[in-house]
file data_39.txt (compact mmCIF, C-alpha atoms)
# COMPACT_ATOMS: atom_id res chain seq x y z
CA MET A 27 -15.89 -4.78 -2.58
CA LEU A 28 -13.65 -2.18 -4.21
CA TRP A 29 -12.55 1.09 -2.68
CA LYS A 30 -14.36 4.05 -4.20
CA ARG A 31 -13.79 7.78 -4.08
CA HIS A 32 -16.51 9.78 -2.34
CA SER A 33 -16.46 13.58 -2.53
CA ILE A 34 -18.05 15.47 0.34
CA CYS A 35 -18.35 19.23 0.74
CA ILE A 36 -17.63 20.46 4.29
CA ASP A 37 -17.35 24.15 5.13
CA ASN A 38 -16.95 25.01 1.43
CA TYR A 39 -14.07 22.53 1.10
CA ILE A 40 -14.41 19.48 -1.08
CA ILE A 41 -12.93 16.45 0.61
CA THR A 42 -12.38 13.31 -1.42
CA LEU A 43 -12.25 10.11 0.57
CA LYS A 44 -11.44 6.59 -0.48
CA SER A 45 -13.65 4.09 1.28
CA LYS A 46 -15.58 0.93 0.61
CA SER A 47 -18.93 2.34 1.62
CA LEU A 48 -20.82 5.50 2.31
CA SER A 49 -21.07 4.44 5.97
CA ASP A 50 -17.29 4.84 6.27
CA CYS A 51 -17.70 8.38 4.96
CA LEU A 52 -20.41 9.04 7.54
CA ILE A 53 -18.05 7.87 10.29
CA PHE A 54 -15.48 10.32 8.93
CA LEU A 55 -18.06 13.10 9.03
CA CYS A 56 -18.76 12.31 12.69
CA VAL A 57 -15.02 12.49 13.42
CA TYR A 58 -14.85 15.81 11.57
CA ASP A 59 -17.90 17.18 13.35
CA MET A 60 -16.64 16.17 16.83
CA MET A 61 -13.20 17.65 16.26
CA GLY A 62 -14.23 20.70 14.26
CA THR A 63 -11.25 19.97 12.02
CA ILE A 64 -10.03 16.97 10.18
CA ASN A 65 -7.98 14.86 12.55
CA ARG A 66 -5.75 13.05 10.05
CA ASN A 67 -4.48 10.41 12.48
CA LEU A 68 -7.97 9.49 13.63
CA ALA A 69 -9.33 9.56 10.10
CA GLU A 70 -6.46 7.40 8.89
CA PHE A 71 -7.10 4.97 11.75
CA ILE A 72 -10.69 4.61 10.57
CA PHE A 73 -9.91 4.36 6.87
CA MET A 74 -6.66 2.40 7.00
CA LYS A 75 -8.30 -0.80 8.15
CA ARG A 76 -7.09 -2.23 4.89
CA LYS A 77 -4.96 -5.31 5.01
CA LEU A 78 -3.83 -8.08 2.75
CA GLU A 79 -4.00 -11.67 3.93
CA VAL A 80 -1.73 -13.76 1.78
CA LYS A 81 0.15 -17.04 1.54
CA GLY A 82 3.11 -17.21 -0.81
CA THR A 83 6.07 -15.14 -1.96
CA ILE A 84 5.20 -11.44 -1.84
CA ILE A 85 6.71 -8.43 -3.54
CA ILE A 86 6.60 -4.90 -2.09
CA GLY A 87 7.38 -1.94 -4.28
CA ASP A 88 6.30 0.96 -6.40
CA PRO A 89 3.74 -0.17 -8.97
CA CYS A 90 5.36 2.03 -11.64
CA GLU A 91 8.26 -0.44 -11.54
CA LEU A 92 5.97 -3.46 -11.90
CA VAL A 93 3.61 -2.69 -14.79
CA LYS A 94 4.43 -3.75 -18.35
CA SER A 95 3.80 -0.50 -20.18
CA GLU A 96 2.82 3.15 -19.96
CA GLU A 97 -0.61 2.17 -21.29
CA ASP A 98 -1.10 -0.29 -18.40
CA TRP A 99 0.18 2.34 -15.96
CA GLN A 100 -2.54 4.72 -17.09
CA LEU A 101 -5.19 1.98 -17.35
CA CYS A 102 -4.66 0.94 -13.70
CA LYS A 103 -4.83 4.61 -12.63
CA TRP A 104 -1.20 4.74 -11.50
CA GLY A 105 -1.41 1.58 -9.41
CA GLU A 106 -4.64 2.25 -7.59
CA HIS A 107 -6.71 -0.11 -9.75
CA LEU A 108 -4.39 -2.99 -10.58
CA GLU A 109 -7.47 -5.17 -11.02
CA LYS A 110 -7.92 -3.44 -14.41
CA ILE A 111 -4.77 -5.16 -15.64
CA GLY A 112 -5.67 -8.52 -14.10
CA LEU A 113 -4.08 -8.31 -10.64
CA LYS A 114 -6.85 -9.09 -8.14
CA ASN A 115 -5.23 -9.60 -4.74
CA PHE A 116 -3.09 -6.59 -3.81
CA LEU A 117 -2.70 -3.87 -1.21
CA TYR A 118 -2.37 -0.28 -2.50
CA ILE A 119 -0.80 2.22 -0.08
CA GLU A 120 -0.04 5.89 -0.59
CA PHE A 121 3.52 6.05 0.69
CA GLU A 122 5.47 9.29 0.37
CA GLU A 123 8.31 8.40 2.71
CA ASP A 124 11.70 8.01 1.01
CA ALA A 125 14.07 5.06 0.98
CA PRO A 126 12.56 2.73 3.54
CA ASN A 127 14.16 -0.56 4.46
CA ILE A 128 12.23 -3.63 5.51
CA VAL A 129 13.55 -5.56 8.49
CA ASP A 130 12.38 -8.70 10.24
CA SER A 131 11.52 -8.94 13.92
CA ASN A 132 15.23 -9.42 14.75
CA GLY A 133 16.26 -6.26 12.87
CA ASN A 134 17.76 -8.15 9.91
CA LYS A 135 17.34 -6.28 6.63
CA LEU A 136 15.05 -8.11 4.21
CA GLY A 137 15.21 -5.46 1.51
CA SER A 138 14.18 -1.96 0.48
CA PHE A 139 12.06 -0.37 -2.22
CA CYS A 140 11.70 2.85 -4.15
CA THR A 141 8.68 5.12 -3.96
CA ASP A 142 9.02 7.15 -7.15
CA SER A 143 5.25 7.54 -7.58
CA ALA A 144 4.56 8.01 -3.83
CA VAL A 145 2.66 4.71 -3.85
CA ILE A 146 3.54 1.12 -3.08
CA VAL A 147 1.74 -2.14 -3.60
CA VAL A 148 2.04 -5.52 -1.95
CA LEU A 149 1.07 -8.56 -4.00
CA LEU A 150 1.97 -12.16 -4.70
CA LEU A 151 5.02 -12.53 -6.92
CA ASP A 152 3.32 -15.38 -8.82
CA ASP A 153 0.39 -13.09 -9.69
CA LEU A 154 2.81 -10.43 -10.93
CA LEU A 155 4.72 -12.96 -13.05
CA ASN A 156 1.45 -14.26 -14.53
CA TYR A 157 0.63 -10.70 -15.58
CA ASN A 158 4.18 -9.73 -16.60
CA PRO A 159 6.40 -12.78 -17.31
CA ASN A 160 9.23 -10.45 -18.40
CA PHE A 161 9.44 -9.03 -14.88
CA ASN A 162 11.52 -12.09 -13.95
CA GLU A 163 14.48 -10.36 -15.66
CA HIS A 164 14.21 -7.44 -13.20
CA ILE A 165 14.23 -9.49 -9.99
CA ALA A 166 18.03 -9.32 -10.00
CA TYR A 167 17.80 -5.60 -9.08
CA PRO A 168 16.46 -5.73 -5.50
CA GLN A 169 16.98 -2.04 -4.67
CA ASN A 170 13.60 -1.27 -6.27
CA TRP A 171 11.47 -3.80 -4.37
CA THR A 172 11.52 -6.31 -1.56
CA ILE A 173 10.65 -9.95 -2.07
CA ILE A 174 9.70 -12.00 0.98
CA LYS A 175 9.62 -15.72 0.22
CA ASP A 176 6.96 -18.06 1.59
CA PHE A 177 5.14 -15.42 3.63
CA CYS A 178 1.94 -16.54 5.34
CA GLY A 179 0.13 -13.79 7.20
CA THR A 180 -1.21 -10.25 7.01
CA VAL A 181 0.34 -7.07 5.61
CA LYS A 182 -1.10 -3.68 6.54
CA PRO A 183 -0.18 0.00 6.69
CA LYS A 184 0.21 1.69 10.07
CA THR A 185 0.99 5.29 10.98
CA ILE A 186 3.45 5.70 13.86
CA ALA A 187 4.34 9.20 15.06
CA GLY A 188 3.03 10.68 11.80
CA VAL A 189 5.07 8.35 9.57
CA LYS A 190 3.47 5.59 7.52
CA HIS A 191 4.91 2.11 7.95
CA ILE A 192 4.27 -1.27 6.37
CA ILE A 193 3.76 -4.05 8.92
CA GLY A 194 3.80 -7.77 8.17
CA GLU A 195 2.53 -10.21 10.77
CA GLY A 196 2.85 -13.93 10.15
CA ASN A 197 5.43 -16.67 9.88
CA ILE A 198 7.87 -13.88 8.96
CA SER A 199 7.14 -10.65 10.82
CA PHE A 200 8.53 -7.47 9.28
CA HIS A 201 8.19 -3.68 9.25
CA THR A 202 9.64 -0.64 7.53
CA VAL A 203 12.43 1.42 9.06
CA PHE A 204 14.09 4.56 7.78
CA GLU A 205 17.76 5.55 7.75
CA GLU A 206 17.46 7.83 10.80
CA GLU A 207 15.72 5.15 12.93
call {"tool": "encode", "arguments": {"input": "data_39.txt", "output": "structure tokens"}}
result
Amino acid sequence: MLWKRHSICIDNYIITLKSKSLSDCLIFLCVYDMMGTINRNLAEFIFMKRKLEVKGTIIIGDPCELVKSEEDWQLCKWGEHLEKIGLKNFLYIEFEEDAPNIVDSNGNKLGSFCTDSAVIVVLLLDDLLNYNPNFNEHIAYPQNWTIIKDFCGTVKPKTIAGVKHIIGEGNISFHTVFEEE
């Protein structure tokens, strides 16, 4: 089931939510009603149940760096609907934080990625290369994305102290860190 945008009018404000079902939106409304305001952390907890279960080499980065052309960039709605360009198994995360590094559970740096479009995606490298065989030429520039070889597990977003992180749990556990951490 795909994520859809649902617009809801509350107190003369239009709120657009991305969820898989209207029931998720109703849960959000209950949270709003109980709090009297939108509690972003609680709402994100409810709606960020997204995760990607994957086995293989994954790539993490800004989708603007991964698509073949400007036409594809617009067709996939700036990374949100990569299925429209043939990529089926991916995790789309709004990610405004700058210059994160990815480290393993021992603190060893696995890589970093750019967030030029304030979005990142996680997907299998093989799927990306099937869609864009020319991307292989760009793998030599790792400052724009992180590649984690032979990953078997789950990747999900998590907000910690108001900052969004990417967490990988599996045979290789990893998470994002920022320069000041």
call {"tool": "residues_near_point", "arguments": {"input": "data_39.txt", "point": "(2.5, -16.4, 14.9)", "cutoff": "12 Å", "atoms": "all atoms listed in the file", "output": "VMD selection string"}}
result
chain A and resid 131 177 to 180 194 to 199
call {"tool": "atom_distance", "arguments": {"input": "data_39.txt", "atom1": "CA of Glu96 in chain A", "atom2": "CA of Thr172 in chain A"}}
result
22.4 Å
call {"tool": "atom_distance", "arguments": {"input": "data_39.txt", "atom1": "CA of His191 in chain A", "atom2": "CA of Glu163 in chain A"}}
result
28.4 Å
call {"tool": "residues_near_point", "arguments": {"input": "data_39.txt", "point": "(7.8, -0.8, -8.2)", "cutoff": "10 Å", "atoms": "all atoms listed in the file", "output": "ChimeraX atom specification"}}
result
/A:85-93,105,139-143,145-148,169-172
call {"tool": "atom_distance", "arguments": {"input": "data_39.txt", "atom1": "CA of Pro183 in chain A", "atom2": "CA of Pro159 in chain A"}}
result
28.0 Å
call {"tool": "build_atoms", "arguments": {"input": "data_39.txt", "residues": "range 189-204 of chain A", "atoms": "N, CA and C atoms", "output": "compact mmCIF listing (two decimals), keeping the file's coordinate frame"}}
result
# COMPACT_ATOMS: atom_id res chain seq x y z
N VAL A 189 4.36 8.96 10.70
CA VAL A 189 5.07 8.35 9.57
C VAL A 189 4.40 7.02 9.24
N LYS A 190 4.12 6.83 7.96
CA LYS A 190 3.47 5.59 7.52
C LYS A 190 4.49 4.46 7.46
N HIS A 191 4.09 3.31 7.96
CA HIS A 191 4.91 2.11 7.95
C HIS A 191 4.13 0.96 7.32
N ILE A 192 4.86 -0.03 6.86
CA ILE A 192 4.27 -1.27 6.37
C ILE A 192 4.61 -2.32 7.42
N ILE A 193 3.60 -3.04 7.88
CA ILE A 193 3.76 -4.05 8.92
C ILE A 193 3.33 -5.39 8.36
N GLY A 194 4.15 -6.41 8.54
CA GLY A 194 3.80 -7.77 8.17
C GLY A 194 3.78 -8.63 9.40
N GLU A 195 2.67 -9.32 9.61
CA GLU A 195 2.53 -10.21 10.77
C GLU A 195 2.22 -11.60 10.26
N GLY A 196 3.06 -12.56 10.62
CA GLY A 196 2.85 -13.93 10.15
C GLY A 196 4.05 -14.78 10.48
N ASN A 197 4.29 -15.79 9.64
CA ASN A 197 5.43 -16.67 9.88
C ASN A 197 6.75 -15.90 9.77
N ILE A 198 6.74 -14.81 9.03
CA ILE A 198 7.87 -13.88 8.96
C ILE A 198 7.30 -12.51 9.30
N SER A 199 7.62 -11.98 10.45
CA SER A 199 7.14 -10.65 10.82
C SER A 199 8.15 -9.61 10.34
N PHE A 200 7.65 -8.50 9.81
CA PHE A 200 8.53 -7.47 9.28
C PHE A 200 7.87 -6.11 9.41
N HIS A 201 8.69 -5.06 9.24
CA HIS A 201 8.19 -3.68 9.25
C HIS A 201 9.21 -2.78 8.56
N THR A 202 8.74 -1.60 8.17
CA THR A 202 9.64 -0.64 7.53
C THR A 202 10.40 0.15 8.59
N VAL A 203 11.61 0.51 8.25
CA VAL A 203 12.43 1.42 9.06
C VAL A 203 13.08 2.40 8.09
N PHE A 204 13.48 3.54 8.61
CA PHE A 204 14.09 4.56 7.78
C PHE A 204 15.50 4.80 8.28
